[in-house]
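Dumped coords.txt below, it's compact mmCIF, C-alpha atoms:
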```txt
# COMPACT_ATOMS: atom_id res chain seq x y z
CA MET A 1195 25.86 -23.49 15.61
CA PRO A 1196 25.44 -27.30 15.54
CA VAL A 1197 27.09 -29.23 12.73
CA PRO A 1198 24.44 -30.80 10.47
CA ASP A 1199 24.28 -34.60 10.26
CA VAL A 1200 25.04 -35.31 6.62
CA SER A 1201 23.88 -38.88 7.08
CA VAL A 1202 20.25 -37.85 7.59
CA SER A 1203 18.05 -39.78 5.19
CA ARG A 1204 16.00 -38.14 2.48
CA PHE A 1205 12.90 -39.26 4.36
CA SER A 1206 14.07 -37.41 7.48
CA VAL A 1207 14.77 -34.27 5.50
CA HIS A 1208 11.29 -34.45 3.98
CA ARG A 1209 9.78 -34.99 7.43
CA GLN A 1210 11.68 -31.95 8.80
CA ARG A 1211 10.45 -29.80 5.92
CA CYS A 1212 6.87 -30.93 6.53
CA SER A 1213 7.26 -30.16 10.23
CA ARG A 1214 8.44 -26.62 9.45
CA TRP A 1215 5.54 -26.15 7.02
CA LEU A 1216 3.05 -27.36 9.61
CA SER A 1217 4.57 -25.01 12.20
CA VAL A 1218 4.08 -22.07 9.87
CA ALA A 1219 0.55 -23.24 9.14
CA ALA A 1220 -0.08 -23.40 12.88
CA VAL A 1221 0.91 -19.74 13.17
CA GLY A 1222 -1.61 -18.93 10.46
CA GLY A 1223 -4.29 -20.88 12.30
CA LEU A 1224 -3.52 -19.00 15.49
CA LEU A 1225 -3.71 -15.67 13.71
CA PHE A 1226 -7.11 -16.55 12.34
CA ALA A 1227 -8.19 -17.74 15.78
CA LEU A 1228 -7.14 -14.42 17.27
CA ALA A 1229 -9.23 -12.55 14.74
CA ALA A 1230 -12.23 -14.81 15.15
CA GLY A 1231 -11.98 -14.71 18.93
CA SER A 1232 -12.14 -10.92 19.11
CA ALA A 1233 -15.65 -10.28 17.88
CA SER A 1234 -15.55 -6.54 18.42
CA ALA A 1235 -13.17 -3.70 19.16
CA GLN A 1236 -12.18 -3.41 22.80
CA ASP A 1237 -11.86 -0.13 24.68
CA LEU A 1238 -8.25 -0.09 25.76
CA VAL A 1239 -5.49 2.18 27.03
CA LEU A 1240 -1.86 1.39 26.20
CA ARG A 1241 0.31 2.85 28.96
CA GLY A 1242 3.79 4.28 28.95
CA ALA A 1243 5.01 3.55 25.41
CA THR A 1244 7.30 5.65 23.27
CA VAL A 1245 4.60 6.84 20.87
CA MET A 1246 5.71 7.76 17.34
CA THR A 1247 2.52 9.58 16.33
CA ALA A 1248 3.50 10.45 12.72
CA GLY A 1249 1.41 13.56 13.41
CA ASP A 1250 2.11 17.10 14.53
CA ALA A 1251 3.00 15.93 18.05
CA GLY A 1252 5.99 13.96 16.77
CA THR A 1253 7.40 11.31 19.12
CA LEU A 1254 6.19 11.26 22.75
CA ASP A 1255 8.09 9.56 25.57
CA ALA A 1256 6.19 7.53 28.18
CA ALA A 1257 2.80 8.39 26.68
CA ASP A 1258 -0.58 6.70 26.75
CA VAL A 1259 -2.98 5.99 23.89
CA TRP A 1260 -6.67 5.52 24.68
CA VAL A 1261 -8.72 3.52 22.20
CA ARG A 1262 -12.50 3.83 22.37
CA ASP A 1263 -15.11 2.45 19.95
CA GLY A 1264 -12.42 1.53 17.44
CA ARG A 1265 -10.91 5.00 17.28
CA ILE A 1266 -8.18 6.89 19.06
CA ALA A 1267 -9.82 8.89 21.83
CA ALA A 1268 -6.77 10.59 23.34
CA VAL A 1269 -2.96 10.62 23.34
CA GLY A 1270 -0.75 11.91 26.13
CA PRO A 1271 0.88 11.21 29.49
CA SER A 1272 -1.08 9.69 32.37
CA LEU A 1273 -4.46 9.73 30.65
CA ALA A 1274 -7.55 9.47 32.83
CA VAL A 1275 -9.91 6.91 31.35
CA PRO A 1276 -13.27 5.48 32.48
CA ALA A 1277 -13.18 2.86 35.21
CA GLY A 1278 -13.09 -0.66 33.85
CA THR A 1279 -11.16 0.24 30.68
CA ALA A 1280 -8.68 -2.52 29.88
CA GLU A 1281 -5.04 -1.49 30.30
CA LEU A 1282 -1.90 -2.78 28.65
CA ASP A 1283 1.53 -2.02 30.10
CA ALA A 1284 3.58 -0.81 27.12
CA ARG A 1285 6.51 0.62 29.07
CA GLY A 1286 9.82 -0.01 27.31
CA ARG A 1287 8.08 -0.60 24.00
CA TRP A 1288 7.27 1.57 20.98
CA LEU A 1289 3.92 2.34 19.41
CA THR A 1290 3.40 3.48 15.81
CA PRO A 1291 0.45 3.89 13.48
CA GLY A 1292 -0.32 0.85 11.37
CA ILE A 1293 1.93 0.75 8.33
CA VAL A 1294 0.25 1.68 5.04
CA ASP A 1295 1.56 0.11 1.83
CA PRO A 1296 0.38 2.20 -1.16
CA HIS A 1297 1.41 -0.28 -3.86
CA SER A 1298 0.84 -3.99 -3.31
CA HIS A 1299 -0.08 -7.06 -5.32
CA LEU A 1300 -0.86 -9.10 -2.20
CA ALA A 1301 -2.93 -12.28 -2.47
CA THR A 1302 -3.36 -12.10 -6.25
CA ARG A 1303 -0.92 -14.91 -7.07
CA GLY A 1304 0.22 -13.17 -10.24
CA ASP A 1305 -3.30 -13.11 -11.68
CA ASN A 1306 -3.30 -9.34 -11.96
CA ASN A 1307 -2.87 -8.50 -15.65
CA GLU A 1308 -5.66 -8.69 -18.24
CA THR A 1309 -3.34 -8.64 -21.25
CA THR A 1310 -5.93 -8.99 -24.03
CA ALA A 1311 -6.04 -5.25 -24.70
CA PRO A 1312 -4.01 -2.15 -23.75
CA PHE A 1313 -7.07 -0.57 -22.09
CA THR A 1314 -9.00 -2.59 -19.51
CA PRO A 1315 -10.22 -0.04 -16.93
CA GLU A 1316 -13.32 -2.13 -16.29
CA VAL A 1317 -11.47 -5.02 -14.58
CA ARG A 1318 -11.20 -5.05 -10.79
CA ILE A 1319 -8.35 -6.52 -8.76
CA VAL A 1320 -10.79 -7.27 -5.95
CA ASP A 1321 -12.24 -10.04 -8.12
CA THR A 1322 -9.02 -12.07 -7.85
CA ILE A 1323 -8.04 -11.51 -4.20
CA ASP A 1324 -8.23 -14.50 -1.85
CA PRO A 1325 -8.87 -13.29 1.73
CA ARG A 1326 -7.54 -16.61 3.07
CA ASP A 1327 -4.16 -16.15 1.41
CA ARG A 1328 -1.31 -16.51 3.91
CA GLU A 1329 0.28 -13.36 2.47
CA PHE A 1330 -2.11 -11.30 4.58
CA GLU A 1331 -0.76 -13.00 7.69
CA LEU A 1332 2.84 -12.25 6.71
CA ALA A 1333 1.95 -8.61 6.12
CA ILE A 1334 0.25 -8.06 9.46
CA ALA A 1335 3.04 -9.87 11.32
CA GLY A 1336 5.33 -7.13 9.96
CA GLY A 1337 3.04 -4.29 11.07
CA THR A 1338 1.31 -3.57 7.76
CA THR A 1339 -2.35 -2.90 8.46
CA THR A 1340 -3.56 -1.35 5.18
CA GLN A 1341 -2.55 -1.66 1.56
CA LEU A 1342 -3.66 -0.49 -1.84
CA ILE A 1343 -3.73 -3.65 -3.95
CA LEU A 1344 -3.33 -2.79 -7.62
CA PRO A 1345 -3.48 -4.53 -11.00
CA GLY A 1346 -0.17 -5.14 -12.71
CA SER A 1347 1.56 -2.96 -15.26
CA ALA A 1348 0.98 -4.80 -18.55
CA ASN A 1349 -1.56 -2.26 -19.85
CA LEU A 1350 -1.74 1.48 -20.40
CA ILE A 1351 -4.86 1.40 -18.20
CA GLY A 1352 -4.98 -1.90 -16.35
CA GLY A 1353 -8.00 -1.70 -14.07
CA GLN A 1354 -9.19 -0.75 -10.61
CA GLY A 1355 -7.30 -1.27 -7.38
CA VAL A 1356 -8.78 -1.75 -3.92
CA VAL A 1357 -7.83 -0.62 -0.41
CA VAL A 1358 -7.81 -3.48 2.07
CA LYS A 1359 -7.25 -3.61 5.82
CA ASN A 1360 -5.59 -6.79 7.06
CA ARG A 1361 -8.52 -8.01 9.12
CA ILE A 1362 -7.42 -11.61 8.76
CA GLY A 1363 -10.08 -14.22 9.36
CA GLU A 1364 -12.86 -12.03 7.98
CA PRO A 1365 -14.52 -12.36 4.56
CA LEU A 1366 -13.22 -10.12 1.83
CA ASP A 1367 -16.06 -7.60 2.12
CA GLY A 1368 -15.07 -7.18 5.77
CA MET A 1369 -11.51 -6.32 4.74
CA VAL A 1370 -12.21 -3.91 1.88
CA VAL A 1371 -12.37 -0.19 2.71
CA ALA A 1372 -15.45 0.34 0.57
CA ASP A 1373 -15.54 4.14 0.75
CA ALA A 1374 -11.90 4.69 -0.24
CA PRO A 1375 -11.47 6.74 -3.43
CA MET A 1376 -11.34 4.60 -6.55
CA ALA A 1377 -7.77 3.89 -7.68
CA VAL A 1378 -7.27 3.34 -11.43
CA LYS A 1379 -3.95 1.80 -12.44
CA PHE A 1380 -2.07 3.20 -15.44
CA ALA A 1381 1.33 2.10 -16.74
CA ILE A 1382 3.81 3.71 -19.09
CA GLY A 1383 7.21 2.54 -20.30
CA GLU A 1384 8.73 -0.87 -20.87
CA ASN A 1385 6.00 -3.11 -19.49
CA PRO A 1386 3.02 -2.24 -21.75
CA ILE A 1387 5.36 -1.88 -24.73
CA ARG A 1388 6.80 -5.34 -24.16
CA THR A 1389 3.37 -6.90 -23.54
CA HIS A 1390 1.57 -5.51 -26.58
CA GLY A 1391 4.32 -4.51 -28.99
CA ALA A 1392 5.64 -8.07 -29.07
CA ARG A 1393 2.24 -9.09 -30.44
CA GLY A 1394 2.27 -6.45 -33.15
CA ARG A 1395 -0.24 -4.27 -31.33
CA THR A 1396 -0.21 -0.73 -30.03
CA PRO A 1397 1.72 0.37 -28.06
CA ALA A 1398 5.02 -0.74 -29.51
CA SER A 1399 6.92 2.39 -28.46
CA ARG A 1400 6.82 5.22 -25.94
CA MET A 1401 5.41 7.45 -28.67
CA GLY A 1402 2.70 4.94 -29.34
CA SER A 1403 1.83 4.74 -25.64
CA ALA A 1404 1.27 8.48 -25.35
CA ALA A 1405 -0.66 8.60 -28.62
CA ALA A 1406 -2.92 5.71 -27.61
CA LEU A 1407 -3.74 7.32 -24.24
CA ARG A 1408 -4.48 10.65 -25.89
CA GLU A 1409 -6.71 9.00 -28.50
CA ARG A 1410 -8.60 7.00 -25.86
CA PHE A 1411 -9.55 10.09 -23.87
CA ALA A 1412 -10.31 12.07 -27.02
CA ALA A 1413 -12.80 9.37 -28.06
CA LEU A 1414 -14.42 9.62 -24.64
CA GLY A 1415 -14.81 13.35 -25.11
CA GLN A 1416 -16.76 12.81 -28.33
CA VAL A 1417 -19.65 11.26 -26.39
CA ASP A 1418 -22.04 13.76 -24.79
CA ALA A 1419 -23.89 13.43 -21.50
CA ARG A 1420 -26.71 11.42 -23.16
CA GLY A 1421 -24.23 8.90 -24.51
CA VAL A 1422 -24.45 10.15 -28.10
CA ARG A 1423 -21.26 10.44 -30.12
CA ALA A 1424 -20.70 13.91 -31.59
CA GLY A 1425 -22.11 14.22 -35.13
CA ALA A 1426 -23.93 10.92 -34.93
CA SER A 1427 -27.64 10.58 -35.63
CA ASP A 1428 -28.12 7.22 -33.96
CA ALA A 1429 -30.18 6.77 -30.80
CA PRO A 1430 -28.57 7.47 -27.43
CA ARG A 1431 -26.42 4.66 -26.11
CA ARG A 1432 -25.15 3.93 -22.64
CA ASP A 1433 -21.46 4.29 -21.87
CA SER A 1434 -19.56 1.07 -21.57
CA GLU A 1435 -18.23 0.17 -18.13
CA ALA A 1436 -14.75 1.14 -19.35
CA ASP A 1437 -16.03 4.59 -20.37
CA ARG A 1438 -17.78 4.98 -17.02
CA ILE A 1439 -14.53 4.40 -15.13
CA LEU A 1440 -12.72 6.97 -17.26
CA ARG A 1441 -15.51 9.47 -16.60
CA GLU A 1442 -15.07 8.86 -12.87
CA LEU A 1443 -11.46 9.92 -13.36
CA GLN A 1444 -12.48 13.08 -15.19
CA ALA A 1445 -15.06 13.92 -12.52
CA GLY A 1446 -12.42 13.71 -9.79
CA ARG A 1447 -14.12 10.76 -8.10
CA ALA A 1448 -11.24 8.43 -8.96
CA TYR A 1449 -7.47 8.86 -8.91
CA ALA A 1450 -4.94 7.77 -11.50
CA HIS A 1451 -2.04 5.79 -10.05
CA ILE A 1452 0.63 5.59 -12.73
CA HIS A 1453 3.49 3.10 -13.01
CA ALA A 1454 6.36 5.16 -14.44
CA TYR A 1455 10.14 5.21 -14.19
CA ARG A 1456 11.50 7.92 -16.48
CA ALA A 1457 11.20 11.64 -15.79
CA GLY A 1458 10.30 12.50 -19.38
CA GLU A 1459 7.40 10.06 -19.40
CA MET A 1460 6.08 11.50 -16.16
CA GLU A 1461 6.14 14.96 -17.70
CA THR A 1462 4.26 13.62 -20.74
CA LEU A 1463 1.58 12.11 -18.50
CA ILE A 1464 1.22 15.31 -16.48
CA ALA A 1465 0.50 17.21 -19.70
CA LEU A 1466 -1.82 14.48 -21.00
CA ALA A 1467 -3.80 14.41 -17.74
CA ARG A 1468 -4.21 18.18 -17.92
CA GLU A 1469 -5.54 17.89 -21.49
CA ALA A 1470 -7.87 14.99 -20.67
CA GLY A 1471 -9.07 16.45 -17.38
CA PHE A 1472 -8.18 13.75 -14.86
CA THR A 1473 -6.17 13.79 -11.63
CA ILE A 1474 -2.92 11.93 -11.14
CA ARG A 1475 -2.61 11.03 -7.48
CA ALA A 1476 0.82 9.43 -7.67
CA PHE A 1477 3.57 8.15 -9.90
CA HIS A 1478 4.61 4.71 -8.66
CA HIS A 1479 8.19 3.43 -8.67
CA ALA A 1480 9.13 6.86 -10.05
CA THR A 1481 12.86 6.18 -9.98
CA GLU A 1482 13.68 9.40 -11.85
CA ALA A 1483 11.19 11.57 -9.97
CA TYR A 1484 14.05 13.48 -8.30
CA LYS A 1485 14.71 15.11 -11.69
CA ILE A 1486 11.26 16.76 -11.79
CA GLY A 1487 10.44 17.38 -8.13
CA PRO A 1488 9.22 20.98 -8.62
CA GLN A 1489 6.79 19.90 -11.36
CA LEU A 1490 5.40 17.15 -9.15
CA ALA A 1491 5.03 19.49 -6.18
CA GLN A 1492 3.26 22.10 -8.29
CA ALA A 1493 0.86 19.51 -9.70
CA GLY A 1494 0.19 17.97 -6.27
CA ILE A 1495 1.36 14.54 -7.41
CA ALA A 1496 2.97 12.13 -4.97
CA ALA A 1497 5.97 9.89 -5.63
CA VAL A 1498 5.57 6.31 -4.42
CA VAL A 1499 9.06 4.84 -4.41
CA TRP A 1500 11.41 2.19 -3.09
CA SER A 1501 13.99 3.13 -0.51
CA ASP A 1502 17.00 2.04 -2.57
CA TRP A 1503 16.02 -0.30 -5.39
CA PHE A 1504 17.75 0.75 -8.59
CA GLY A 1505 19.45 -0.46 -11.77
CA VAL A 1506 17.11 -3.46 -12.10
CA LYS A 1507 16.29 -2.76 -15.75
CA ALA A 1508 17.08 -0.24 -18.47
CA GLU A 1509 14.48 2.35 -17.52
CA ALA A 1510 15.64 2.22 -13.88
CA TRP A 1511 19.25 2.93 -14.79
CA ASP A 1512 19.21 6.51 -13.46
CA ALA A 1513 17.62 5.56 -10.14
CA ILE A 1514 19.42 6.71 -7.01
CA PRO A 1515 18.87 5.93 -3.31
CA TRP A 1516 18.65 9.66 -2.56
CA ASN A 1517 15.43 9.89 -4.59
CA ALA A 1518 13.01 10.10 -1.63
CA PRO A 1519 14.96 12.64 0.49
CA MET A 1520 15.57 14.88 -2.54
CA LEU A 1521 11.86 14.84 -3.38
CA LEU A 1522 11.00 15.81 0.20
CA GLU A 1523 13.30 18.81 -0.09
CA GLN A 1524 11.40 19.80 -3.24
CA GLY A 1525 8.03 19.72 -1.47
CA VAL A 1526 6.67 16.46 -2.88
CA HIS A 1527 4.46 13.98 -1.04
CA VAL A 1528 6.63 10.86 -0.77
CA ALA A 1529 5.60 7.37 0.27
CA LEU A 1530 7.47 4.07 0.31
CA HIS A 1531 5.91 0.98 -1.21
CA SER A 1532 6.57 -2.73 -1.37
CA ASP A 1533 5.51 -4.01 -4.82
CA SER A 1534 6.53 -7.27 -3.13
CA VAL A 1535 5.12 -9.69 -0.57
CA ASP A 1536 8.56 -9.87 1.01
CA ILE A 1537 9.02 -6.11 1.42
CA THR A 1538 5.53 -5.49 2.77
CA ARG A 1539 6.40 -7.44 5.94
CA ARG A 1540 9.44 -5.29 6.65
CA MET A 1541 8.42 -1.81 5.63
CA HIS A 1542 9.92 -0.46 8.86
CA HIS A 1543 13.33 -1.48 7.54
CA GLU A 1544 12.62 0.38 4.30
CA ALA A 1545 11.88 3.50 6.34
CA ALA A 1546 15.09 3.05 8.33
CA LYS A 1547 17.11 2.86 5.11
CA VAL A 1548 15.72 6.21 3.94
CA VAL A 1549 17.16 7.80 7.10
CA ARG A 1550 20.57 6.56 5.93
CA TYR A 1551 20.16 8.67 2.80
CA GLY A 1552 19.14 11.91 4.48
CA ALA A 1553 15.52 11.79 5.67
CA THR A 1554 14.73 12.50 9.31
CA ARG A 1555 13.16 9.78 11.42
CA GLU A 1556 9.84 11.63 11.41
CA GLN A 1557 9.90 11.99 7.62
CA ALA A 1558 10.76 8.33 7.17
CA LEU A 1559 7.96 7.22 9.49
CA ARG A 1560 5.44 9.32 7.61
CA MET A 1561 6.51 7.76 4.31
CA VAL A 1562 5.06 4.45 5.52
CA THR A 1563 2.13 5.89 7.46
CA ARG A 1564 0.64 9.37 7.07
CA ASP A 1565 1.96 10.23 3.60
CA ALA A 1566 1.13 6.75 2.33
CA ALA A 1567 -2.40 7.27 3.66
CA TRP A 1568 -2.56 10.52 1.68
CA VAL A 1569 -1.79 8.58 -1.50
CA LEU A 1570 -4.84 6.41 -0.79
CA GLY A 1571 -7.00 9.47 -0.09
CA LEU A 1572 -7.51 8.31 3.51
CA GLU A 1573 -5.25 10.68 5.43
CA ASP A 1574 -8.21 11.89 7.51
CA ARG A 1575 -8.77 8.34 8.86
CA ILE A 1576 -5.48 6.46 9.05
CA GLY A 1577 -1.74 7.02 9.09
CA SER A 1578 -1.18 8.81 12.41
CA ILE A 1579 -1.91 8.40 16.10
CA GLU A 1580 -4.23 11.33 16.67
CA PRO A 1581 -7.67 11.68 18.27
CA GLY A 1582 -10.46 10.72 15.90
CA LYS A 1583 -8.34 8.48 13.66
CA ASP A 1584 -8.95 4.75 13.25
CA ALA A 1585 -7.17 2.82 16.00
CA ASP A 1586 -4.74 1.06 13.66
CA LEU A 1587 -1.73 0.55 15.91
CA VAL A 1588 1.49 -1.47 15.99
CA LEU A 1589 3.25 -2.24 19.28
CA TRP A 1590 6.95 -2.95 18.78
CA SER A 1591 9.41 -4.68 21.12
CA ALA A 1592 12.00 -1.95 20.47
CA ASP A 1593 12.70 1.07 18.26
CA PRO A 1594 11.12 0.02 14.93
CA PHE A 1595 14.02 1.55 13.03
CA GLY A 1596 16.36 -0.93 14.72
CA ALA A 1597 17.24 -4.26 13.15
CA ALA A 1598 16.17 -6.24 16.24
CA ALA A 1599 12.64 -4.78 16.56
CA ARG A 1600 9.74 -7.21 16.31
CA VAL A 1601 6.03 -6.64 16.20
CA ASP A 1602 4.43 -7.60 19.52
CA ALA A 1603 0.83 -6.77 18.68
CA VAL A 1604 -1.28 -5.23 15.92
CA TYR A 1605 -4.66 -3.54 16.32
CA ILE A 1606 -6.98 -2.60 13.47
CA ASP A 1607 -9.95 -0.38 14.33
CA GLY A 1608 -9.18 -1.15 17.96
CA GLN A 1609 -9.39 -4.92 17.51
CA ARG A 1610 -6.33 -7.09 18.04
CA TYR A 1611 -5.50 -9.13 14.96
CA PHE A 1612 -1.95 -10.21 15.79
CA ASP A 1613 -0.23 -11.18 19.02
CA ARG A 1614 3.42 -12.22 18.99
CA ALA A 1615 3.33 -14.30 22.16
CA THR A 1616 0.39 -16.38 20.93
CA ALA A 1617 1.95 -16.81 17.50
CA ASP A 1618 5.34 -17.85 18.90
CA ALA A 1619 3.70 -20.36 21.24
CA GLY A 1620 2.33 -22.20 18.23
CA VAL A 1621 5.72 -22.67 16.56
CA ALA A 1622 7.73 -25.74 17.49
CA PRO A 1623 11.29 -24.94 18.69
```

Take the structure in the file and give it back as structure tokens.
Amino acid sequence: MPVPDVSVSRFSVHRQRCSRWLSVAAVGGLLFALAAGSASAQDLVLRGATVMTAGDAGTLDAADVWVRDGRIAAVGPSLAVPAGTAELDARGRWLTPGIVDPHSHLATRGDNNETTAPFTPEVRIVDTIDPRDREFELAIAGGTTTQLILPGSANLIGGQGVVVKNRIGEPLDGMVVADAPMAVKFAIGENPIRTHGARGRTPASRMGSAAALRERFAALGQVDARGVRAGASDAPRRDSEADRILRELQAGRAYAHIHAYRAGEMETLIALAREAGFTIRAFHHATEAYKIGPQLAQAGIAAVVWSDWFGVKAEAWDAIPWNAPMLLEQGVHVALHSDSVDITRRMHHEAAKVVRYGATREQALRMVTRDAAWVLGLEDRIGSIEPGKDADLVLWSADPFGAAARVDAVYIDGQRYFDRATADAGVAP
């Protein structure tokens, strides 16, 4: 390593910093150029890769993947494809499904909490997302192709999330997966208590949180199908937008995604959801989920967790890095999440760490692909390399569970949105 010249002037240091910034910006420009230059999905066959399908076929050596009309047409050795189909030599490299991040706050710049009230189901995170944000580029360069972007955790019900594919260079409506099930963000525990209790408002305790949720759904139940409150003689009124979202939950057309750390609070929410008639799709963070695995499995609730993040605050004190493998043994759907712009660009490392604590390679891969897709309600479309699925693919330079692996190319719906060689060429040495 060269010894730095301590005599470099402040102006030179500033110039070097600007040069590095411009180099990074150039990569972003190239990524956008790649997206803009590929107007439509290309029929393609990737030849000879080690294909980690995340499906029933497991990992296939020296296999081909045929992409046609934006979907996976076939997987297997020595595939016969129509004449003229573009071919890519992937021998010596690894192919995985696009990584799915089921808990992200990407491109919201912290503007993701409407803290004026403990219940704000009517707000939508999509209204604050900037599709030009460089965070999308960082995510796709790490192999993340899809994420559920959620509101923050300041409120008991904080609003609606959105599923986005990282089609960088396209307008936001071209990135949003419009037909994904609605995701409604709940939060329980320290965050809503700290946000509202400090202002002398409910909730100021865990008891108050449960009581406020129960009261909110009970009030909804007092309004009949015409919009008339039980026992009232006034004319019919329309539900508010907030009430409409809660009714979508009760009708099963929306899923509750609940920020929760402690096992006891998760049990309380399971009982409350049963009383109120809505479906919990997943507990997020869920650092004590290993204590109640059988209850989660019986209720069909997933645990969306970190690989090994623990002890970061009081309610995470009983977190352990064996959480995910223990939940798998108890029959729970388990997915890994980022909750961080940094982690979302290295989710493959998160999966590799789970192997260290007892998961198999196949299980770990599915935690960032197929099982994460299940959390989003999109397991029939994304999350595995199987015929009929969206052609969301990541080509790696080496085994993605290895520290040296880099993403060589990323395809979303069969269209290439990232190319390592082109990106590297735009960065000054």

message: Please determine, counting only C-alpha atoms, which residue among A:Thr1244, A:Thr1338, A:Ser1578, A:Thr1616 has the shortest atom-to-atom distance to Ser1532 of chain A.
response: A:Thr1338

Please report, as a tab-separated table, each residue of segment 1245-1332 of chain A lying at most 9 Å from segment 1380-1401 of chain A, together with the nearest pair of atoms and the separation in Å rounded to one decimal; use only C-alpha atoms, and order rows by chain and ascending residue number.
```
residue	atom	partner	partner_atom	distance
A:Thr1309	CA	A:Thr1389	CA	7.3
A:Thr1310	CA	A:His1390	CA	8.7
A:Ala1311	CA	A:His1390	CA	7.8
A:Pro1312	CA	A:His1390	CA	7.1
A:Pro1315	CA	A:Phe1380	CA	8.9
```

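Here atom CA of Ile1576 of chain A and atom CA of Pro1325 of chain A stand 21.3 Å from one another.
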
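Residues in contact with Ala1615 of chain A at up to 8 Å, not including ones fewer than 3 positions away on its chain and judged by only C-alpha atoms, are Asp1602, Asp1618 and Ala1619 of chain A.
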
Keeping C-alpha atoms for every residue in the selection just given, could you write it to a file as a PDB file, keeping the file's coordinate frame?
```
ATOM      1  CA  ASP A1602       4.430  -7.600  19.520  1.00  0.00           C
ATOM      2  CA  ASP A1618       5.340 -17.850  18.900  1.00  0.00           C
ATOM      3  CA  ALA A1619       3.700 -20.360  21.240  1.00  0.00           C
TER       4      ALA A1619
END
```

message: I'd like the contact shell of Arg1287 of chain A - 8 Å cut-off, only C-alpha atoms, skipping same-chain residues fewer than 5 positions apart - returned as JSON, numbers by chain.
response: {"A": [1243, 1244, 1589, 1590, 1591, 1592, 1593]}

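Straight-line separation from atom CA of Asp1584 of chain A to atom CA of Gly1286 of chain A: 23.9 Å.
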